[in-house]
file input_21.csv (CSV, C-alpha atoms and all ligand atoms)
chain,number,residue,atom,x,y,z
R,43,MET,CA,36.9,-43.7,11.4
R,44,ASP,CA,36.3,-40.1,10.6
R,45,ASP,CA,39.5,-38.3,9.7
R,46,HIS,CA,37.7,-34.9,9.7
R,47,LYS,CA,36.7,-34.5,13.3
R,48,PRO,CA,36.1,-31.0,14.6
R,49,PRO,CA,39.1,-29.4,16.4
R,50,GLU,CA,39.7,-30.7,20.0
R,51,ILE,CA,40.7,-27.5,21.8
R,52,ALA,CA,41.5,-29.4,25.0
R,53,SER,CA,41.2,-33.1,26.0
R,54,GLY,CA,37.5,-34.0,25.4
R,55,ILE,CA,36.5,-30.5,24.5
R,56,TYR,CA,35.6,-29.7,20.9
R,57,TRP,CA,34.8,-26.7,18.8
R,58,VAL,CA,31.5,-27.5,17.0
R,59,GLY,CA,30.8,-24.0,15.7
R,60,VAL,CA,30.6,-22.7,12.2
R,61,VAL,CA,32.6,-20.2,10.1
R,62,ASP,CA,30.5,-17.6,8.3
R,63,TRP,CA,32.9,-16.9,5.5
R,64,ASN,CA,30.6,-14.5,3.6
R,65,LEU,CA,29.4,-12.5,6.5
R,66,ARG,CA,29.9,-8.8,5.6
R,67,ASP,CA,27.3,-7.2,7.8
R,68,PHE,CA,26.6,-8.2,11.4
R,69,HIS,CA,23.4,-6.4,12.4
R,70,GLY,CA,24.6,-3.3,10.6
R,71,TYR,CA,28.2,-3.6,11.7
R,72,GLU,CA,30.5,-4.1,8.8
R,73,THR,CA,32.5,-7.3,8.9
R,74,PRO,CA,34.9,-7.3,6.0
R,75,LYS,CA,36.8,-10.4,7.3
R,76,GLY,CA,33.6,-12.5,7.9
R,77,GLY,CA,32.8,-14.1,11.2
R,78,SER,CA,32.1,-17.3,13.2
R,79,TYR,CA,29.6,-18.5,15.7
R,80,ASN,CA,31.5,-20.8,18.2
R,81,ALA,CA,29.8,-23.6,20.0
R,82,TYR,CA,31.7,-26.0,22.2
R,83,LEU,CA,31.0,-29.6,23.2
R,84,ILE,CA,32.4,-31.1,26.4
R,85,VAL,CA,32.4,-34.9,26.5
R,86,ASP,CA,32.1,-36.0,30.1
R,87,GLU,CA,29.6,-38.1,32.1
R,88,LYS,CA,27.1,-35.4,31.1
R,89,ILE,CA,27.5,-34.5,27.4
R,90,THR,CA,27.4,-30.7,27.5
R,91,LEU,CA,27.0,-28.2,24.7
R,92,ILE,CA,28.0,-24.6,25.3
R,93,ASP,CA,26.0,-22.2,23.1
R,94,THR,CA,24.8,-22.9,19.6
R,95,VAL,CA,25.0,-21.1,16.2
R,96,LYS,CA,22.8,-18.9,14.0
R,97,ALA,CA,19.7,-20.8,12.9
R,98,PRO,CA,20.6,-21.3,9.2
R,99,PHE,CA,23.8,-23.1,10.3
R,100,ALA,CA,22.1,-25.6,12.6
R,101,ALA,CA,22.6,-28.6,10.3
R,102,GLU,CA,26.4,-27.8,10.0
R,103,MET,CA,26.7,-27.6,13.8
R,104,LEU,CA,24.7,-30.9,14.2
R,105,ARG,CA,27.0,-32.6,11.6
R,106,ARG,CA,30.0,-31.6,13.6
R,107,ILE,CA,28.5,-32.8,16.9
R,108,SER,CA,27.6,-36.1,15.2
R,109,GLN,CA,31.3,-36.7,14.3
R,110,ILE,CA,31.9,-36.9,18.1
R,111,VAL,CA,28.7,-38.1,19.8
R,112,ASP,CA,25.1,-38.8,18.8
R,113,PRO,CA,23.4,-35.4,19.4
R,114,ALA,CA,20.5,-37.2,20.9
R,115,LYS,CA,22.8,-38.0,23.8
R,116,ILE,CA,23.4,-34.3,24.8
R,117,ASP,CA,22.5,-33.9,28.5
R,118,TYR,CA,23.1,-30.3,29.1
R,119,VAL,CA,22.8,-27.2,26.9
R,120,ILE,CA,24.3,-23.9,28.3
R,121,SER,CA,22.8,-20.8,26.8
R,122,ASN,CA,25.2,-18.0,27.7
R,123,HIS,CA,23.3,-15.4,25.7
R,124,VAL,CA,19.8,-15.0,24.1
R,125,GLU,CA,21.0,-13.1,21.0
R,126,MET,CA,20.1,-15.2,18.0
R,127,ASP,CA,23.6,-15.8,16.7
R,128,HIS,CA,24.0,-18.0,19.8
R,129,SER,CA,20.6,-19.3,20.7
R,130,GLY,CA,19.3,-19.7,17.1
R,131,SER,CA,19.9,-23.4,16.9
R,132,ILE,CA,18.8,-24.4,20.5
R,133,SER,CA,15.4,-25.6,19.2
R,134,ALA,CA,17.2,-27.8,16.6
R,135,ILE,CA,19.2,-29.4,19.4
R,136,MET,CA,16.1,-29.8,21.6
R,137,ASP,CA,14.2,-31.5,18.8
R,138,ILE,CA,16.8,-34.2,18.7
R,139,ALA,CA,17.6,-34.3,22.5
R,140,PRO,CA,14.2,-33.3,24.1
R,141,ASN,CA,15.3,-34.5,27.5
R,142,ALA,CA,18.4,-32.2,27.6
R,143,LYS,CA,18.4,-29.7,30.4
R,144,LEU,CA,18.9,-26.0,29.5
R,145,PHE,CA,20.8,-23.5,31.7
R,146,ALA,CA,20.6,-19.8,31.4
R,147,SER,CA,20.8,-16.6,33.5
R,148,SER,CA,17.4,-15.4,34.9
R,149,LYS,CA,17.2,-12.7,32.2
R,150,GLY,CA,18.4,-15.3,29.7
R,151,LYS,CA,15.5,-17.6,30.6
R,152,ALA,CA,13.0,-14.7,30.3
R,153,GLY,CA,14.5,-13.7,26.9
R,154,LEU,CA,14.5,-17.3,25.5
R,155,LEU,CA,10.8,-17.8,26.6
R,156,GLU,CA,9.8,-14.5,25.0
R,157,TYR,CA,11.8,-14.7,21.8
R,158,TYR,CA,11.1,-18.4,21.1
R,159,LYS,CA,7.5,-18.7,22.3
R,160,GLU,CA,6.4,-20.0,18.9
R,161,GLU,CA,9.1,-22.7,19.1
R,162,GLY,CA,7.7,-23.9,22.5
R,163,PHE,CA,10.6,-23.2,24.7
R,164,ASP,CA,8.3,-23.3,27.7
R,165,LYS,CA,8.0,-27.1,27.4
R,166,TRP,CA,11.8,-27.6,28.0
R,167,ASP,CA,13.5,-28.0,31.3
R,168,LEU,CA,15.2,-24.6,31.6
R,169,GLN,CA,17.1,-24.0,34.8
R,170,VAL,CA,18.2,-20.5,36.0
R,171,VAL,CA,21.8,-20.2,37.2
R,172,GLU,CA,23.6,-17.2,38.7
R,173,THR,CA,27.2,-16.0,39.4
R,174,GLY,CA,29.0,-18.7,41.4
R,175,THR,CA,26.5,-21.5,40.6
R,176,GLU,CA,28.4,-24.7,40.0
R,177,LEU,CA,27.3,-27.7,37.9
R,178,LYS,CA,29.2,-31.0,38.0
R,179,ILE,CA,29.2,-32.7,34.7
R,180,GLY,CA,31.4,-35.7,35.7
R,181,LYS,CA,35.1,-35.2,36.2
R,182,ARG,CA,34.6,-31.5,35.5
R,183,THR,CA,32.8,-28.6,37.1
R,184,LEU,CA,31.2,-25.6,35.4
R,185,MET,CA,30.8,-22.3,37.2
R,186,PHE,CA,28.6,-19.6,35.8
R,187,ILE,CA,29.4,-15.9,35.8
R,188,GLU,CA,26.8,-13.3,34.9
R,189,ALA,CA,28.4,-10.7,32.5
R,190,THR,CA,25.7,-8.1,32.4
R,191,MET,CA,25.9,-5.9,29.2
R,192,LEU,CA,28.7,-7.9,27.7
R,193,HIS,CA,26.8,-7.7,25.5
R,194,TRP,CA,23.1,-7.8,26.6
R,195,PRO,CA,21.5,-7.7,30.1
R,196,ASP,CA,21.2,-11.5,30.0
R,197,SER,CA,24.8,-12.3,29.0
R,198,MET,CA,26.5,-15.0,31.0
R,199,GLN,CA,29.8,-16.9,30.8
R,200,THR,CA,30.8,-20.4,31.8
R,201,TYR,CA,34.1,-21.3,33.4
R,202,LEU,CA,35.4,-24.8,33.3
R,203,LYS,CA,37.3,-24.9,36.5
R,204,GLU,CA,39.5,-28.0,36.1
R,205,ASP,CA,40.7,-27.0,32.6
R,206,ARG,CA,40.6,-23.2,33.4
R,207,ILE,CA,38.7,-22.5,30.2
R,208,LEU,CA,36.5,-19.4,30.2
R,209,PHE,CA,33.7,-19.7,27.6
R,210,SER,CA,33.2,-16.0,27.4
R,211,ASN,CA,30.4,-15.8,24.8
R,212,ASP,CA,30.5,-12.3,23.1
R,213,ALA,CA,33.2,-10.9,25.3
R,214,PHE,CA,36.8,-11.1,23.9
R,215,GLY,CA,35.4,-12.0,20.4
R,216,GLN,CA,36.5,-10.9,17.0
R,217,HIS,CA,34.7,-11.0,13.7
R,218,ILE,CA,37.0,-13.0,11.5
R,219,ALA,CA,36.5,-16.0,9.3
R,220,THR,CA,39.4,-18.4,9.6
R,221,SER,CA,40.1,-22.1,9.5
R,222,LYS,CA,42.4,-21.5,12.5
R,223,ARG,CA,41.1,-21.7,16.0
R,224,PHE,CA,43.8,-20.0,18.2
R,225,ASP,CA,45.1,-16.5,18.6
R,226,ASP,CA,48.7,-17.6,18.0
R,227,GLU,CA,47.7,-19.0,14.6
R,228,VAL,CA,46.4,-15.8,13.0
R,229,GLU,CA,47.6,-12.3,12.3
R,230,ASP,CA,46.2,-9.0,13.7
R,231,VAL,CA,43.9,-10.7,16.3
R,232,MET,CA,44.4,-7.9,18.8
R,233,GLU,CA,43.4,-5.3,16.2
R,234,ASP,CA,40.3,-7.4,15.3
R,235,ALA,CA,39.4,-7.7,18.9
R,236,GLY,CA,39.7,-3.9,19.2
R,237,ILE,CA,37.4,-3.3,16.2
R,238,TYR,CA,34.9,-5.7,17.8
R,239,TYR,CA,35.1,-3.9,21.2
R,240,ALA,CA,34.7,-0.5,19.6
R,241,ASN,CA,31.6,-1.5,17.7
R,242,ILE,CA,29.9,-3.9,20.2
R,243,LEU,CA,31.0,-3.1,23.7
R,244,LEU,CA,32.2,0.5,23.8
R,245,PRO,CA,29.0,1.9,25.4
R,246,PHE,CA,29.4,-0.5,28.4
R,247,GLY,CA,32.8,0.5,29.8
R,248,SER,CA,31.6,0.7,33.4
R,249,GLN,CA,30.1,-2.8,33.2
R,250,VAL,CA,33.2,-4.1,31.6
R,251,LEU,CA,35.4,-2.7,34.4
R,252,LYS,CA,33.0,-4.3,37.0
R,253,TYR,CA,33.2,-7.6,35.2
R,254,VAL,CA,37.0,-7.6,35.1
R,255,GLY,CA,36.9,-6.9,38.9
R,256,LYS,CA,34.5,-9.8,39.3
R,257,LEU,CA,36.9,-12.2,37.6
R,258,LYS,CA,39.5,-11.4,40.2
R,259,GLU,CA,37.0,-11.7,43.1
R,260,LEU,CA,35.9,-15.1,41.8
R,261,ASP,CA,39.6,-16.2,41.4
R,262,VAL,CA,39.0,-16.9,37.8
R,263,SER,CA,42.4,-16.9,36.0
R,264,PRO,CA,41.8,-18.7,32.7
R,265,ALA,CA,44.5,-20.5,30.8
R,266,MET,CA,42.3,-20.2,27.8
R,267,ILE,CA,39.4,-17.8,26.8
R,268,ALA,CA,37.0,-19.4,24.3
R,269,PRO,CA,34.7,-16.7,22.9
R,270,ALA,CA,31.6,-17.2,20.8
R,271,HIS,CA,33.2,-15.3,17.9
R,272,GLY,CA,36.6,-15.6,16.3
R,273,VAL,CA,39.6,-17.4,17.6
R,274,ILE,CA,40.4,-18.8,21.1
R,275,TRP,CA,42.9,-16.9,23.3
R,276,ARG,CA,45.6,-19.2,24.6
R,277,LYS,CA,48.7,-17.0,24.1
R,278,ASP,CA,47.5,-13.5,24.9
R,279,VAL,CA,44.9,-14.3,27.6
R,280,GLN,CA,46.3,-11.7,30.0
R,281,ARG,CA,46.9,-9.2,27.3
R,282,ILE,CA,43.3,-9.2,26.0
R,283,VAL,CA,41.9,-8.9,29.6
R,284,GLU,CA,44.2,-5.9,30.1
R,285,ALA,CA,43.1,-4.4,26.7
R,286,TYR,CA,39.5,-4.7,27.8
R,287,ALA,CA,40.2,-2.8,31.0
R,288,ARG,CA,42.1,-0.1,29.0
R,289,TRP,CA,39.3,0.3,26.4
R,290,ALA,CA,36.7,0.3,29.1
R,291,ARG,CA,38.4,3.1,30.9
R,292,GLY,CA,38.5,5.1,27.7
R,293,ASP,CA,42.3,5.5,27.5
R,294,THR,CA,43.4,7.7,24.6
R,295,VAL,CA,46.8,8.6,23.0
R,296,PRO,CA,47.9,11.9,21.4
R,297,LYS,CA,46.1,11.4,18.1
R,298,VAL,CA,43.9,13.5,15.8
R,299,LEU,CA,41.4,11.5,13.7
R,300,VAL,CA,39.8,13.4,10.8
R,301,ILE,CA,36.5,12.0,9.6
R,302,TYR,CA,34.8,13.5,6.6
R,303,ASP,CA,32.7,13.2,3.5
R,304,THR,CA,32.8,15.5,0.4
R,305,MET,CA,30.7,16.4,-2.6
R,306,TRP,CA,32.9,18.6,-4.9
R,307,GLY,CA,36.1,18.3,-2.9
R,308,SER,CA,35.9,21.5,-0.8
R,309,THR,CA,35.5,19.7,2.6
R,310,GLU,CA,38.1,17.2,1.5
R,311,LYS,CA,40.6,20.0,0.8
R,312,MET,CA,39.9,21.4,4.3
R,313,ALA,CA,40.4,17.9,5.8
R,314,MET,CA,43.7,17.5,4.1
R,315,GLN,CA,45.0,20.9,5.4
R,316,ILE,CA,43.9,20.0,8.9
R,317,VAL,CA,45.8,16.7,8.6
R,318,GLU,CA,48.9,18.7,7.4
R,319,GLY,CA,48.7,21.1,10.4
R,320,ALA,CA,48.1,18.4,12.9
R,321,ARG,CA,51.1,16.4,11.5
R,322,THR,CA,53.4,19.3,12.2
R,323,SER,CA,52.5,19.2,15.9
R,324,GLY,CA,54.0,15.8,16.1
R,325,VAL,CA,51.0,13.7,17.0
R,326,GLU,CA,49.6,10.7,15.2
R,327,VAL,CA,47.1,11.6,12.6
R,328,ARG,CA,44.5,9.5,10.7
R,329,LEU,CA,42.1,10.4,7.9
R,330,ARG,CA,38.9,8.5,7.1
R,331,HIS,CA,36.6,9.3,4.2
R,332,LEU,CA,33.2,7.8,5.3
R,333,ARG,CA,32.2,6.5,1.9
R,334,LYS,CA,35.6,4.9,1.2
R,335,ASN,CA,36.3,3.3,4.5
R,336,ASP,CA,34.3,0.9,6.7
R,337,TRP,CA,32.8,2.5,9.8
R,338,SER,CA,33.8,-0.4,12.0
R,339,MET,CA,37.4,0.4,11.5
R,340,THR,CA,36.7,4.1,11.8
R,341,MET,CA,35.2,3.5,15.3
R,342,LYS,CA,38.3,1.5,16.2
R,343,GLU,CA,40.5,4.5,15.1
R,344,LEU,CA,38.2,6.8,17.1
R,345,MET,CA,38.4,4.7,20.3
R,346,ASP,CA,42.0,5.8,21.2
R,347,ALA,CA,42.0,9.3,19.6
R,348,SER,CA,42.1,12.2,22.0
R,349,VAL,CA,40.8,14.7,19.3
R,350,VAL,CA,38.3,14.0,16.5
R,351,ALA,CA,37.7,16.5,13.6
R,352,ILE,CA,34.5,15.9,11.6
R,353,GLY,CA,33.8,17.6,8.3
R,354,SER,CA,30.7,17.7,6.1
R,355,PRO,CA,29.5,19.4,3.0
R,356,THR,CA,26.1,21.0,3.1
R,357,MET,CA,23.3,19.1,1.2
R,358,ASN,CA,19.8,20.4,1.2
R,359,ASN,CA,20.6,22.8,4.1
R,360,ASP,CA,21.7,19.9,6.3
R,361,MET,CA,24.8,17.8,6.9
R,362,PHE,CA,25.7,15.1,4.4
R,363,PHE,CA,23.7,11.9,4.9
R,364,THR,CA,26.8,9.8,5.7
R,365,ILE,CA,27.9,12.2,8.4
R,366,SER,CA,24.4,12.3,10.0
R,367,GLY,CA,24.4,8.4,9.9
R,368,PHE,CA,27.9,8.2,11.4
R,369,LEU,CA,27.0,10.7,14.2
R,370,THR,CA,24.0,8.7,15.1
R,371,TYR,CA,26.1,5.5,15.1
R,372,MET,CA,28.8,7.2,17.2
R,373,LYS,CA,26.3,8.7,19.6
R,374,GLY,CA,25.0,5.2,20.4
R,375,LEU,CA,28.5,3.9,21.1
R,376,ARG,CA,29.2,6.8,23.5
R,377,PRO,CA,33.0,7.1,23.1
R,378,LYS,CA,34.7,8.7,26.1
R,379,GLY,CA,37.4,11.3,26.7
R,380,LYS,CA,37.6,13.1,23.4
R,381,LYS,CA,37.4,16.7,22.1
R,382,TYR,CA,35.8,17.4,18.8
R,383,PHE,CA,36.2,20.0,16.0
R,384,LEU,CA,33.6,20.5,13.3
R,385,PHE,CA,34.2,21.9,9.8
R,386,GLY,CA,32.4,22.0,6.5
R,387,SER,CA,31.6,23.8,3.3
R,388,TYR,CA,28.5,25.1,1.5
R,389,GLY,CA,27.3,26.8,-1.7
R,390,TRP,CA,24.4,29.0,-0.7
R,391,GLY,CA,22.9,29.2,2.8
R,392,GLY,CA,25.0,26.6,4.7
R,393,GLY,CA,23.5,24.2,7.3
R,394,ALA,CA,26.0,21.3,7.7
R,395,VAL,CA,28.1,22.8,10.5
R,396,ARG,CA,25.0,24.1,12.3
R,397,ALA,CA,23.3,20.6,12.1
R,398,MET,CA,26.5,18.9,13.3
R,399,GLU,CA,26.8,21.2,16.3
R,400,LYS,CA,23.2,20.5,17.3
R,401,GLU,CA,23.8,16.7,17.0
R,402,MET,CA,27.1,17.0,19.1
R,403,GLU,CA,25.3,19.0,21.7
R,404,SER,CA,22.5,16.4,22.0
R,405,GLY,CA,25.2,13.7,22.4
R,406,LYS,CA,27.0,15.8,25.0
R,407,PHE,CA,30.3,15.7,23.0
R,408,GLU,CA,32.8,18.3,24.0
R,409,LEU,CA,34.0,20.7,21.3
R,410,ALA,CA,37.7,21.7,21.3
R,411,MET,CA,37.2,25.1,19.6
R,412,GLU,CA,34.8,27.1,17.4
R,413,SER,CA,33.7,25.3,14.1
R,414,MET,CA,34.9,26.5,10.7
R,415,GLN,CA,33.0,26.6,7.4
R,416,VAL,CA,33.8,28.0,4.0
R,417,LYS,CA,31.7,29.1,1.1
R,418,PHE,CA,32.2,27.2,-2.2
R,419,ARG,CA,35.8,26.2,-1.7
R,420,PRO,CA,38.7,26.9,0.6
R,421,TYR,CA,41.0,29.7,-0.8
R,422,GLU,CA,44.6,30.1,0.2
R,423,GLU,CA,43.8,32.0,3.4
R,424,ASP,CA,41.2,29.3,4.4
R,425,LYS,CA,43.7,26.6,3.8
R,426,LYS,CA,46.2,28.3,6.0
R,427,ALA,CA,43.5,28.7,8.7
R,428,CYS,CA,42.8,25.0,8.4
R,429,ARG,CA,46.5,24.2,8.8
R,430,ASN,CA,46.7,26.4,11.9
R,431,ILE,CA,43.6,24.7,13.3
R,432,GLY,CA,45.2,21.3,12.6
R,433,TYR,CA,48.3,22.3,14.5
R,434,LYS,CA,46.2,23.6,17.5
R,435,LEU,CA,44.2,20.3,17.4
R,436,GLY,CA,47.5,18.4,17.6
R,437,GLU,CA,48.5,20.5,20.7
R,438,ILE,CA,45.0,19.9,22.3
R,439,ALA,CA,45.4,16.1,21.5
R,440,LYS,CA,48.6,16.0,23.5
R,441,GLY,CA,47.0,17.7,26.5
R,442,ASN,CA,43.8,15.6,26.3
R,443,ALA,CA,45.4,12.2,26.0
R,444,LYS,CA,44.8,10.0,29.0
R,445,SER,CA,46.0,6.5,29.9
R,501,LIG,FE1,27.2,-12.5,19.5
R,501,LIG,FE2,25.3,-10.4,21.5
R,501,LIG,O1,25.6,-11.7,20.2
call {"tool": "encode", "arguments": {"input": "input_21.csv", "output": "structure tokens"}}
result
Amino acid sequence: MDDHKPPEIASGIYWVGVVDWNLRDFHGYETPKGGSYNAYLIVDEKITLIDTVKAPFAAEMLRRISQIVDPAKIDYVISNHVEMDHSGSISAIMDIAPNAKLFASSKGKAGLLEYYKEEGFDKWDLQVVETGTELKIGKRTLMFIEATMLHWPDSMQTYLKEDRILFSNDAFGQHIATSKRFDDEVEDVMEDAGIYYANILLPFGSQVLKYVGKLKELDVSPAMIAPAHGVIWRKDVQRIVEAYARWARGDTVPKVLVIYDTMWGSTEKMAMQIVEGARTSGVEVRLRHLRKNDWSMTMKELMDASVVAIGSPTMNNDMFFTISGFLTYMKGLRPKGKKYFLFGSYGWGGGAVRAMEKEMESGKFELAMESMQVKFRPYEEDKKACRNIGYKLGEIAKGNAKS
């Protein structure tokens, strides 16, 4: 008897994923708390595996499955999403269970055939399913839900009707490494889900809202949401769905976020004075130095801010490299409903503020007021001007907040 069986999340349903304790960078997104790739095994008349794990962890997943059933006996493999953190070990499974049937969305099938052509995916029985398609696996029924852009065009989810478990793949995930499997067993899960949303799903707000509507249309009211990353929602199921709707709408609160970098402290002094002025207006204020804070959390802070001030020193007649990197990152994530203010410092000819303005214009970001720059360092009158600007930004933040 094996005393170390994988967690049984409901009767006959097992978590067979892996925890990536040392993950600190997930395709460029910082993950200071690590991560997990969740796969689930349903033991019914048809042994069904929902998603797999990143390729280097295939053996660990197979070991977990072996503690429950012989992996050669797997009948069905559901591939909810082509991205390699979930599909990376499908070929390891198919090598052991070559007669297993694969299920994916039509874009999922196309993606799997394209990405894994060298692994010979075309030789496997790969069936396309769509929203509303049902699959009997014995006593239980799976229903598929296409979840376009949550997080790729192919993304799909699987709903286990009798147990009311939604296997949501990327949606509702969090990047945390933990030995716990449920939301009521860990701290800060809503915040971690927010960081995940801000960095992974933020550009897809309209698709997220459509998807939330689709769950209602299909009468899907899960008792449990089992994502492919992080812990399973069983306590805050409704709360996380509501949070997704709120984040997707781009709701903001009266909050000024100041983001900056600095070379000799001049831009930092300006940032501190802006914070001071904004504070006196009574709104929430946050400050993030780009080289001292992770960008993932900075994006989470930005998600509900109604005003964002961004400051950069001038380096080689341009903005500082961290600022230009962050603006590129932010532009891709397309945050909604904010007004921006730009500030900076220079020694000779300047250039940072001009370069930031150009970048903001190309991203169609709305500026709250005229930018400010100082030469060499902010003197007393400049500091006072920064405090006044901070106060005005606080007032603008109150008027621009929307929920
Ligand atoms: Fe967790 Fe879009 O992959």
call {"tool": "residues_near_ligand", "arguments": {"input": "input_21.csv", "ligand": "ligand LIG 501 (chain R)", "cutoff": "10 Å", "atoms": "all atoms listed in the file", "output": "PyMOL selection string"}}
result
chain R and resi 68-69+78-80+95-96+122-129+191-197+211-213+215-217+242-243+269-271
call {"tool": "residues_around", "arguments": {"input": "input_21.csv", "residues": "Ala134 in chain R", "least_positions_apart": "6", "cutoff": "10 Å", "atoms": "only C-alpha atoms", "output": "PyMOL selection string"}}
result
chain R and resi 94+97+100-101+103-104+140+161
call {"tool": "closest_residue", "arguments": {"input": "input_21.csv", "among": "R:Asp278, R:Glu318, R:Asp303, R:Asp230", "to": "Lys334 in chain R", "atoms": "all atoms listed in the file"}}
result
R:Asp303
call {"tool": "residues_around", "arguments": {"input": "input_21.csv", "residues": "Arg182 in chain R", "least_positions_apart": "2", "cutoff": "9 Å", "atoms": "only C-alpha atoms", "output": "count of residues only"}}
result
11
call {"tool": "atom_distance", "arguments": {"input": "input_21.csv", "atom1": "CA of Ala139 in chain R", "atom2": "CA of Leu83 in chain R"}}
result
14.2 Å
call {"tool": "residues_around", "arguments": {"input": "input_21.csv", "residues": "range 375-389 of chain R", "least_positions_apart": "3", "cutoff": "6 Å", "atoms": "all atoms listed in the file", "output": "list of chain:residue names"}}
result
R:Leu244, R:Pro245, R:Gly292, R:Thr309, R:Ser348, R:Val349, R:Val350, R:Ala351, R:Ile352, R:Gly353, R:Ser354, R:Pro355, R:Thr356, R:Met372, R:Gly392, R:Val395, R:Glu408, R:Leu409, R:Ala410, R:Ser413, R:Met414, R:Gln415, R:Val416, R:Lys417, R:Phe418
call {"tool": "closest_atom_pairs", "arguments": {"input": "input_21.csv", "of": "range 141-209 of chain R", "to": "range 248-267 of chain R", "cutoff": "8 Å", "atoms": "all atoms listed in the file", "output": "Markdown table"}}
result
| residue | atom | partner | partner_atom | distance |
| --- | --- | --- | --- | --- |
| R:Gly174 | CA | R:Leu260 | CA | 7.8 |
| R:Ala189 | CA | R:Tyr253 | CA | 6.3 |
| R:Thr190 | CA | R:Gln249 | CA | 6.9 |
| R:Met191 | CA | R:Gln249 | CA | 6.6 |
| R:Leu192 | CA | R:Val250 | CA | 7.1 |
| R:Tyr201 | CA | R:Val262 | CA | 7.9 |
| R:Asp205 | CA | R:Ala265 | CA | 7.7 |
| R:Arg206 | CA | R:Pro264 | CA | 4.7 |
| R:Ile207 | CA | R:Met266 | CA | 4.9 |
| R:Leu208 | CA | R:Ile267 | CA | 4.7 |
| R:Phe209 | CA | R:Ile267 | CA | 6.1 |
call {"tool": "residues_around", "arguments": {"input": "input_21.csv", "residues": "range 169-172 of chain R", "least_positions_apart": "2", "cutoff": "12 Å", "atoms": "all atoms listed in the file", "output": "compact mmCIF listing (two decimals) with C-alpha atoms, in the coordinates of the input"}}
result
# COMPACT_ATOMS: atom_id res chain seq x y z
CA TYR R 118 23.10 -30.30 29.10
CA VAL R 119 22.80 -27.20 26.90
CA ILE R 120 24.30 -23.90 28.30
CA SER R 121 22.80 -20.80 26.80
CA ASN R 122 25.20 -18.00 27.70
CA ALA R 142 18.40 -32.20 27.60
CA LYS R 143 18.40 -29.70 30.40
CA LEU R 144 18.90 -26.00 29.50
CA PHE R 145 20.80 -23.50 31.70
CA ALA R 146 20.60 -19.80 31.40
CA SER R 147 20.80 -16.60 33.50
CA SER R 148 17.40 -15.40 34.90
CA LYS R 149 17.20 -12.70 32.20
CA GLY R 150 18.40 -15.30 29.70
CA LYS R 151 15.50 -17.60 30.60
CA ALA R 152 13.00 -14.70 30.30
CA GLY R 153 14.50 -13.70 26.90
CA LEU R 154 14.50 -17.30 25.50
CA ASP R 164 8.30 -23.30 27.70
CA TRP R 166 11.80 -27.60 28.00
CA ASP R 167 13.50 -28.00 31.30
CA GLY R 174 29.00 -18.70 41.40
CA THR R 175 26.50 -21.50 40.60
CA GLU R 176 28.40 -24.70 40.00
CA LEU R 177 27.30 -27.70 37.90
CA LEU R 184 31.20 -25.60 35.40
CA MET R 185 30.80 -22.30 37.20
CA PHE R 186 28.60 -19.60 35.80
CA ILE R 187 29.40 -15.90 35.80
CA GLU R 188 26.80 -13.30 34.90
CA ALA R 189 28.40 -10.70 32.50
CA THR R 190 25.70 -8.10 32.40
CA ASP R 196 21.20 -11.50 30.00
CA SER R 197 24.80 -12.30 29.00
CA MET R 198 26.50 -15.00 31.00
CA GLN R 199 29.80 -16.90 30.80
CA THR R 200 30.80 -20.40 31.80
call {"tool": "closest_residue", "arguments": {"input": "input_21.csv", "among": "R:Tyr71, R:Trp390, R:Tyr239, R:Tyr82", "to": "Trp337 in chain R", "atoms": "all atoms listed in the file"}}
result
R:Tyr71
call {"tool": "atom_distance", "arguments": {"input": "input_21.csv", "atom1": "CA of Leu155 in chain R", "atom2": "CA of Val61 in chain R"}}
result
27.4 Å
call {"tool": "atom_distance", "arguments": {"input": "input_21.csv", "atom1": "CA of Gly432 in chain R", "atom2": "CA of Arg321 in chain R"}}
result
7.7 Å
call {"tool": "closest_residue", "arguments": {"input": "input_21.csv", "among": "R:Glu310, R:Glu422, R:Asp346, R:Glu401", "to": "Phe368 in chain R", "atoms": "all atoms listed in the file"}}
result
R:Glu401
call {"tool": "closest_residue", "arguments": {"input": "input_21.csv", "among": "R:Lys222, R:Lys440, R:Lys426, R:Lys400", "to": "Gln315 in chain R", "atoms": "only C-alpha atoms"}}
result
R:Lys426
call {"tool": "closest_residue", "arguments": {"input": "input_21.csv", "among": "R:Ile282, R:Leu435, R:Ala443, R:Ile316", "to": "Val295 in chain R", "atoms": "all atoms listed in the file"}}
result
R:Ala443
call {"tool": "residues_around", "arguments": {"input": "input_21.csv", "residues": "Thr340 in chain R", "least_positions_apart": "6", "cutoff": "10 Å", "atoms": "all atoms listed in the file", "output": "VMD selection string"}}
result
chain R and resid 237 240 to 241 299 to 301 328 to 332 368
